[in-house]
Amino acid sequence: MSSDTSHLSKLSTEERLAWYKKELEDKNLIIDTILESTMAGYWDWLIQENTEYLSPTFKKMFGYEDHEMENHPDSWQKIIHPDDLPNVFECFNAHVESKGKVPFSNTVRYAHKDGSTVNVFCSGQVVQWDEEGKPIRMIGAHIDITPLKQIEQQFTLRNNELEDFAYATSHDLKEPLRTISSFIELLGQEGIGDDQKKQYLDIIGQSSKRMTLLIQGLLDHSRIGKELELESVNVGKLLDDLCSDLNHSIEDKQAKIEYAKELATIQAYPTELRTLFQNLVSNGIKFMPEGRKPEIQITHEEDKYFHIFHVKDNGIGILPEKQDKIFKLFARLNSSNDYEGTGIGLTHCKKIAEIHKGSIKVSASGEDGTTFSIYINRVI
Amino acid sequence: MKKVDSIMLIDDHEPTNIIHEMIIKNNNFTDKILTYTDAAKALDYLKGTFSETSSRPSIIFLDINMPGMDGWDFLKEYEKLDEKSEVMIMMLSTSLHPQDSTKAKENSHIKTFLSKPLTKEMIEEIINDNF
């Protein structure tokens, strides 16, 4: 579109008006398209009259139709997060006092009509001042940055997980090493008896075995998700194979594993999914009170987004306050004297659920057992 | 060399307890060592004997990272007990998680953090400084 107006002088008044009208419509179309496609809303505030036009997209961002929200500053002040309002005024004052040199821009939270939080980047500018230098009119835009905020939160979460991972790795790998070197030192002391020597050597042996297990666990964990092949997986069949592999411990503990033969056929990564079920079933068999026979039920349901598998056991249960901890690397809730393990199995499960764009959680737990629920995304 | 009445060791890792017991015995820091691999059992002991001041340990060496009741859980329960002012608690860890040091600063019962394993010099310093 041309904004060259030199040709207009040759035109009649009507023709000129028509040209301007078309120009205006074009500009409006561009603005509307930009606003619509970026979901940006705008506001136009007549400061001295204290009226404020709020664009339909502005209102839509918070779940309101145009007619449901009055064109008045009160409308947004009612739904902005109260903690964020003072900063908005501060920003505004700085902008006005500096005669517009300090930009007006801030990030604020609003309450959506449905109760959720909308994160908004708001920026604006006074476009008209009166003779005394007081602001008359201010225009600004709202951009919904909620998805960005969510990514930021995820990023923080991942970062914390990474920190935990680094800590656990250094902490738990150090422990057996430290033990080995301490006991080698003790062995070198004079005057220790044969029984003590044997005890020390046993401890050294156990520690190096534990070290090997921990390193193997870490290697396995880092390999999860490396070579993924998405396939159609018959989960009932997968469990058949799994049970036949675990046959020894199932018979040994007289365990009962129940699931529907045609449980579900889903798109998934077969090797990883198998590892996930293997860990949950083995845990179900392992963490049993003395004298109780393991009974494990695996069921399936689905909703709009996920295939959900429930693995229910009748084991010792997990205390509510420990239910987050169990998915952390090398976290063990039970003493190694009672239950063996490195504490990496459920960490594997969590990672596997996540590569299936889903999650895993404890959905119920008590003295009569625990139910784990695994969410596998229908679209991976 | 100063000596204390009794020392309590709480660590799920038995080899660590063996080493700590040996250092304490060899250096004659106390005549009475109470060793627990399960923090809940240590707490039961403290609950049961707290009326007799003589059986109260002078120092508790408490491991942070334990299955079941961990060091933090133990402290939480410990705070509910009466007459705890005299006992000194030392938190032990192989390496320190950033979150742990923040937590420790907020807790008035923790004298200090020590890294495992304890040495003769570490225990000596604690006893000389505090008893």
# chains A, B, ... in the order shown; residues from 1 in each chain; ligands from 1
call {"tool": "interface_residues", "arguments": {"of": "chain B", "to": "chain A", "cutoff": "12 Å", "atoms": "only C-alpha atoms", "output": "PyMOL selection string"}}
result
chain B and resi 11-20+22-23+37-40+64-70+73+93-100+115-119
call {"tool": "write_last_selection", "arguments": {"atoms": "C-alpha atoms", "output": "PDB file, in the first residue's frame"}}
result
ATOM      1  CA  ASP B  11      23.377 -43.998  60.410  1.00  0.00           C
ATOM      2  CA  ASP B  12      21.770 -46.659  58.249  1.00  0.00           C
ATOM      3  CA  HIS B  13      25.134 -47.517  56.766  1.00  0.00           C
ATOM      4  CA  GLU B  14      26.681 -50.101  59.063  1.00  0.00           C
ATOM      5  CA  PRO B  15      30.270 -49.892  57.839  1.00  0.00           C
ATOM      6  CA  THR B  16      30.241 -46.182  58.702  1.00  0.00           C
ATOM      7  CA  ASN B  17      29.057 -47.004  62.205  1.00  0.00           C
ATOM      8  CA  ILE B  18      31.867 -49.540  62.598  1.00  0.00           C
ATOM      9  CA  ILE B  19      34.451 -46.916  61.665  1.00  0.00           C
ATOM     10  CA  HIS B  20      32.940 -44.283  63.935  1.00  0.00           C
ATOM     11  CA  MET B  22      36.282 -47.646  66.402  1.00  0.00           C
ATOM     12  CA  ILE B  23      37.516 -44.040  66.436  1.00  0.00           C
ATOM     13  CA  THR B  37      20.801 -47.972  61.963  1.00  0.00           C
ATOM     14  CA  ASP B  38      17.161 -46.949  62.203  1.00  0.00           C
ATOM     15  CA  ALA B  39      16.392 -43.376  63.230  1.00  0.00           C
ATOM     16  CA  ALA B  40      12.907 -44.340  64.434  1.00  0.00           C
ATOM     17  CA  ILE B  64      20.895 -36.900  56.837  1.00  0.00           C
ATOM     18  CA  ASN B  65      20.321 -39.328  54.058  1.00  0.00           C
ATOM     19  CA  MET B  66      18.627 -42.448  55.377  1.00  0.00           C
ATOM     20  CA  PRO B  67      15.807 -44.585  54.061  1.00  0.00           C
ATOM     21  CA  GLY B  68      12.592 -44.488  56.079  1.00  0.00           C
ATOM     22  CA  MET B  69      12.968 -41.812  58.711  1.00  0.00           C
ATOM     23  CA  ASP B  70      15.747 -39.561  57.465  1.00  0.00           C
ATOM     24  CA  ASP B  73      12.298 -36.387  59.849  1.00  0.00           C
ATOM     25  CA  SER B  93      26.522 -36.162  55.214  1.00  0.00           C
ATOM     26  CA  THR B  94      28.784 -37.459  52.480  1.00  0.00           C
ATOM     27  CA  SER B  95      28.169 -34.397  50.382  1.00  0.00           C
ATOM     28  CA  LEU B  96      25.890 -31.493  50.897  1.00  0.00           C
ATOM     29  CA  HIS B  97      22.827 -30.781  48.818  1.00  0.00           C
ATOM     30  CA  PRO B  98      22.312 -27.007  48.421  1.00  0.00           C
ATOM     31  CA  GLN B  99      18.799 -27.384  49.857  1.00  0.00           C
ATOM     32  CA  ASP B 100      20.191 -29.078  52.956  1.00  0.00           C
ATOM     33  CA  SER B 115      31.221 -34.603  56.295  1.00  0.00           C
ATOM     34  CA  LYS B 116      31.598 -38.328  56.719  1.00  0.00           C
ATOM     35  CA  PRO B 117      33.569 -40.149  57.893  1.00  0.00           C
ATOM     36  CA  LEU B 118      34.348 -38.556  61.234  1.00  0.00           C
ATOM     37  CA  THR B 119      37.977 -38.338  62.237  1.00  0.00           C
TER      38      THR B 119
END
call {"tool": "residues_around", "arguments": {"residues": "Pro57 in chain B", "least_positions_apart": "6", "cutoff": "12 Å", "atoms": "only C-alpha atoms", "output": "PDB file with C-alpha atoms, in the first residue's frame"}}
result
ATOM      1  CA  VAL B   4      31.669 -37.349  77.581  1.00  0.00           C
ATOM      2  CA  ASP B   5      28.986 -39.542  79.152  1.00  0.00           C
ATOM      3  CA  SER B   6      27.634 -41.057  75.995  1.00  0.00           C
ATOM      4  CA  ILE B   7      27.554 -40.652  72.236  1.00  0.00           C
ATOM      5  CA  MET B   8      24.728 -41.687  69.937  1.00  0.00           C
ATOM      6  CA  LEU B   9      25.398 -42.690  66.343  1.00  0.00           C
ATOM      7  CA  ILE B  10      22.486 -42.768  63.884  1.00  0.00           C
ATOM      8  CA  THR B  30      33.247 -42.050  75.965  1.00  0.00           C
ATOM      9  CA  ASP B  31      32.429 -45.305  77.678  1.00  0.00           C
ATOM     10  CA  LYS B  32      28.972 -45.533  76.224  1.00  0.00           C
ATOM     11  CA  ILE B  33      28.176 -45.635  72.514  1.00  0.00           C
ATOM     12  CA  LEU B  34      24.582 -46.034  71.381  1.00  0.00           C
ATOM     13  CA  THR B  35      24.445 -47.088  67.740  1.00  0.00           C
ATOM     14  CA  ALA B  42      16.858 -44.151  68.146  1.00  0.00           C
ATOM     15  CA  LEU B  43      13.930 -41.832  68.704  1.00  0.00           C
ATOM     16  CA  TYR B  45      15.140 -44.891  72.869  1.00  0.00           C
ATOM     17  CA  LEU B  46      15.276 -41.148  73.494  1.00  0.00           C
ATOM     18  CA  THR B  49      14.869 -42.714  78.685  1.00  0.00           C
ATOM     19  CA  PHE B  50      14.598 -39.010  78.682  1.00  0.00           C
ATOM     20  CA  LYS B  84      16.219 -31.603  74.656  1.00  0.00           C
ATOM     21  CA  SER B  85      18.260 -28.531  75.293  1.00  0.00           C
ATOM     22  CA  GLU B  86      21.350 -30.278  76.580  1.00  0.00           C
ATOM     23  CA  VAL B  87      21.893 -32.631  73.702  1.00  0.00           C
ATOM     24  CA  MET B  88      24.077 -31.594  70.836  1.00  0.00           C
ATOM     25  CA  ILE B  89      23.172 -32.731  67.373  1.00  0.00           C
TER      26      ILE B  89
END
call {"tool": "select_by_dssp", "arguments": {"residues": "range 38-72 of chain B", "states": "alpha helix (DSSP H)", "output": "list of chain:residue names"}}
result
B:Ala39, B:Ala40, B:Lys41, B:Ala42, B:Leu43, B:Asp44, B:Tyr45, B:Leu46, B:Lys47, B:Gly48, B:Thr49, B:Gly71, B:Trp72
call {"tool": "select_by_dssp", "arguments": {"residues": "range 58-174 of chain A", "states": "strand (DSSP E or B)", "output": "VMD selection string"}}
result
chain A and resid 80 104 to 111 117 to 129 135 to 144
